[in-house]
Amino acid sequence: MIITTFAIVLTTLLRKLQSTRGIPAPIWIESSVSFVANNPAGRWLLLEDEPPGNSKVASSDDREPIEVTPKKIDNWRRLALVVDWLALFASAFTYLLLFISRLPKSEYEKTLTSL
């Protein structure tokens, strides 16, 4: 029940955080998010192909290469994604611990604990 309540409250807060527009993120959030975004595993978690700030050159056979400007970085959305992944891993770990603690003990372990 506690984990479910935590998930509902966290979902509500993260949706509100993702919809935050126009308010610049503090420097500590920008540095944390850029650290995660610059790692290969972090890019996988954030579902990004290229590190932030890189621009690609789009080309076609019929046209000249066109410089594609990098997307504007939304640090609030990235922060919400990082927190969301951390919450997923934490809740999965908690459920794993609960499952392991409820496994029945073998007869050998029962005799050891009764001594």
# chains A, B, ... in the order shown; residues from 1 in each chain; ligands from 1
>>> residues_around(residues="Leu81 (chain A)", least_positions_apart="6", cutoff="12 Å", atoms="only C-alpha atoms", output="ChimeraX atom specification")
/A:10-11,13-15,17-18,33,36-37,42-48,74-75,87-88
>>> write_last_selection(atoms="N, CA and C atoms", output="PDB file, in the first residue's frame")
ATOM      1  N   LEU A  10       4.358  10.248  -6.735  1.00  0.00           N
ATOM      2  CA  LEU A  10       5.500  10.530  -7.596  1.00  0.00           C
ATOM      3  C   LEU A  10       5.064  10.793  -9.032  1.00  0.00           C
ATOM      4  N   THR A  11       4.102  10.035  -9.521  1.00  0.00           N
ATOM      5  CA  THR A  11       3.593  10.256 -10.879  1.00  0.00           C
ATOM      6  C   THR A  11       2.983  11.641 -11.012  1.00  0.00           C
ATOM      7  N   LEU A  13       3.653  14.336  -9.197  1.00  0.00           N
ATOM      8  CA  LEU A  13       4.703  15.346  -9.118  1.00  0.00           C
ATOM      9  C   LEU A  13       5.549  15.392 -10.390  1.00  0.00           C
ATOM     10  N   LEU A  14       5.843  14.234 -10.960  1.00  0.00           N
ATOM     11  CA  LEU A  14       6.661  14.213 -12.171  1.00  0.00           C
ATOM     12  C   LEU A  14       5.915  14.773 -13.370  1.00  0.00           C
ATOM     13  N   ARG A  15       4.618  14.550 -13.452  1.00  0.00           N
ATOM     14  CA  ARG A  15       3.839  15.157 -14.546  1.00  0.00           C
ATOM     15  C   ARG A  15       3.826  16.681 -14.413  1.00  0.00           C
ATOM     16  N   LEU A  17       6.165  18.403 -12.960  1.00  0.00           N
ATOM     17  CA  LEU A  17       7.526  18.840 -13.248  1.00  0.00           C
ATOM     18  C   LEU A  17       7.791  18.860 -14.746  1.00  0.00           C
ATOM     19  N   GLN A  18       7.265  17.892 -15.480  1.00  0.00           N
ATOM     20  CA  GLN A  18       7.460  17.857 -16.927  1.00  0.00           C
ATOM     21  C   GLN A  18       6.725  18.997 -17.620  1.00  0.00           C
ATOM     22  N   VAL A  33      21.740  16.709 -14.702  1.00  0.00           N
ATOM     23  CA  VAL A  33      21.085  16.184 -15.895  1.00  0.00           C
ATOM     24  C   VAL A  33      22.073  16.081 -17.051  1.00  0.00           C
ATOM     25  N   VAL A  36      24.200  12.961 -16.582  1.00  0.00           N
ATOM     26  CA  VAL A  36      23.479  11.748 -16.978  1.00  0.00           C
ATOM     27  C   VAL A  36      23.328  11.684 -18.490  1.00  0.00           C
ATOM     28  N   ALA A  37      23.039  12.805 -19.116  1.00  0.00           N
ATOM     29  CA  ALA A  37      22.802  12.832 -20.562  1.00  0.00           C
ATOM     30  C   ALA A  37      24.068  12.590 -21.368  1.00  0.00           C
ATOM     31  N   GLY A  42      23.087   6.856 -19.603  1.00  0.00           N
ATOM     32  CA  GLY A  42      22.141   7.931 -19.369  1.00  0.00           C
ATOM     33  C   GLY A  42      21.365   8.294 -20.613  1.00  0.00           C
ATOM     34  N   ARG A  43      22.054   8.282 -21.762  1.00  0.00           N
ATOM     35  CA  ARG A  43      21.343   8.545 -23.017  1.00  0.00           C
ATOM     36  C   ARG A  43      20.336   7.448 -23.300  1.00  0.00           C
ATOM     37  N   TRP A  44      20.664   6.216 -22.928  1.00  0.00           N
ATOM     38  CA  TRP A  44      19.712   5.122 -23.100  1.00  0.00           C
ATOM     39  C   TRP A  44      18.502   5.327 -22.193  1.00  0.00           C
ATOM     40  N   LEU A  45      18.731   5.749 -20.949  1.00  0.00           N
ATOM     41  CA  LEU A  45      17.618   5.991 -20.023  1.00  0.00           C
ATOM     42  C   LEU A  45      16.757   7.158 -20.484  1.00  0.00           C
ATOM     43  N   LEU A  46      17.393   8.173 -21.037  1.00  0.00           N
ATOM     44  CA  LEU A  46      16.651   9.346 -21.501  1.00  0.00           C
ATOM     45  C   LEU A  46      16.116   9.167 -22.918  1.00  0.00           C
ATOM     46  N   LEU A  47      16.419   8.024 -23.530  1.00  0.00           N
ATOM     47  CA  LEU A  47      15.961   7.692 -24.881  1.00  0.00           C
ATOM     48  C   LEU A  47      16.450   8.710 -25.910  1.00  0.00           C
ATOM     49  N   GLU A  48      17.739   9.042 -25.827  1.00  0.00           N
ATOM     50  CA  GLU A  48      18.347   9.969 -26.772  1.00  0.00           C
ATOM     51  C   GLU A  48      19.432   9.243 -27.549  1.00  0.00           C
ATOM     52  N   ASP A  74      15.399  20.589 -22.491  1.00  0.00           N
ATOM     53  CA  ASP A  74      14.424  20.794 -21.434  1.00  0.00           C
ATOM     54  C   ASP A  74      14.884  20.006 -20.209  1.00  0.00           C
ATOM     55  N   ASN A  75      15.592  20.702 -19.313  1.00  0.00           N
ATOM     56  CA  ASN A  75      16.177  20.032 -18.155  1.00  0.00           C
ATOM     57  C   ASN A  75      15.128  19.521 -17.185  1.00  0.00           C
ATOM     58  N   ALA A  87      13.018   5.733  -9.490  1.00  0.00           N
ATOM     59  CA  ALA A  87      11.886   5.202  -8.729  1.00  0.00           C
ATOM     60  C   ALA A  87      11.511   3.798  -9.206  1.00  0.00           C
ATOM     61  N   LEU A  88      11.592   3.574 -10.514  1.00  0.00           N
ATOM     62  CA  LEU A  88      11.309   2.239 -11.040  1.00  0.00           C
ATOM     63  C   LEU A  88      12.300   1.214 -10.503  1.00  0.00           C
TER      64      LEU A  88
END
>>> residues_around(residues="Pro24 (chain A)", least_positions_apart="5", cutoff="12 Å", atoms="only C-alpha atoms", output="list in words")
Ile29, Glu30, Ile73, Asp74, Asn75, Trp76 and Arg77 of chain A
>>> closest_residue(among="A:Leu103, A:Ala90, A:Leu79, A:Leu98", to="Ser32 (chain A)", atoms="only C-alpha atoms")
A:Leu79
>>> atom_distance(atom1="CA of Ala80 (chain A)", atom2="CA of Ala25 (chain A)")
12.1 Å
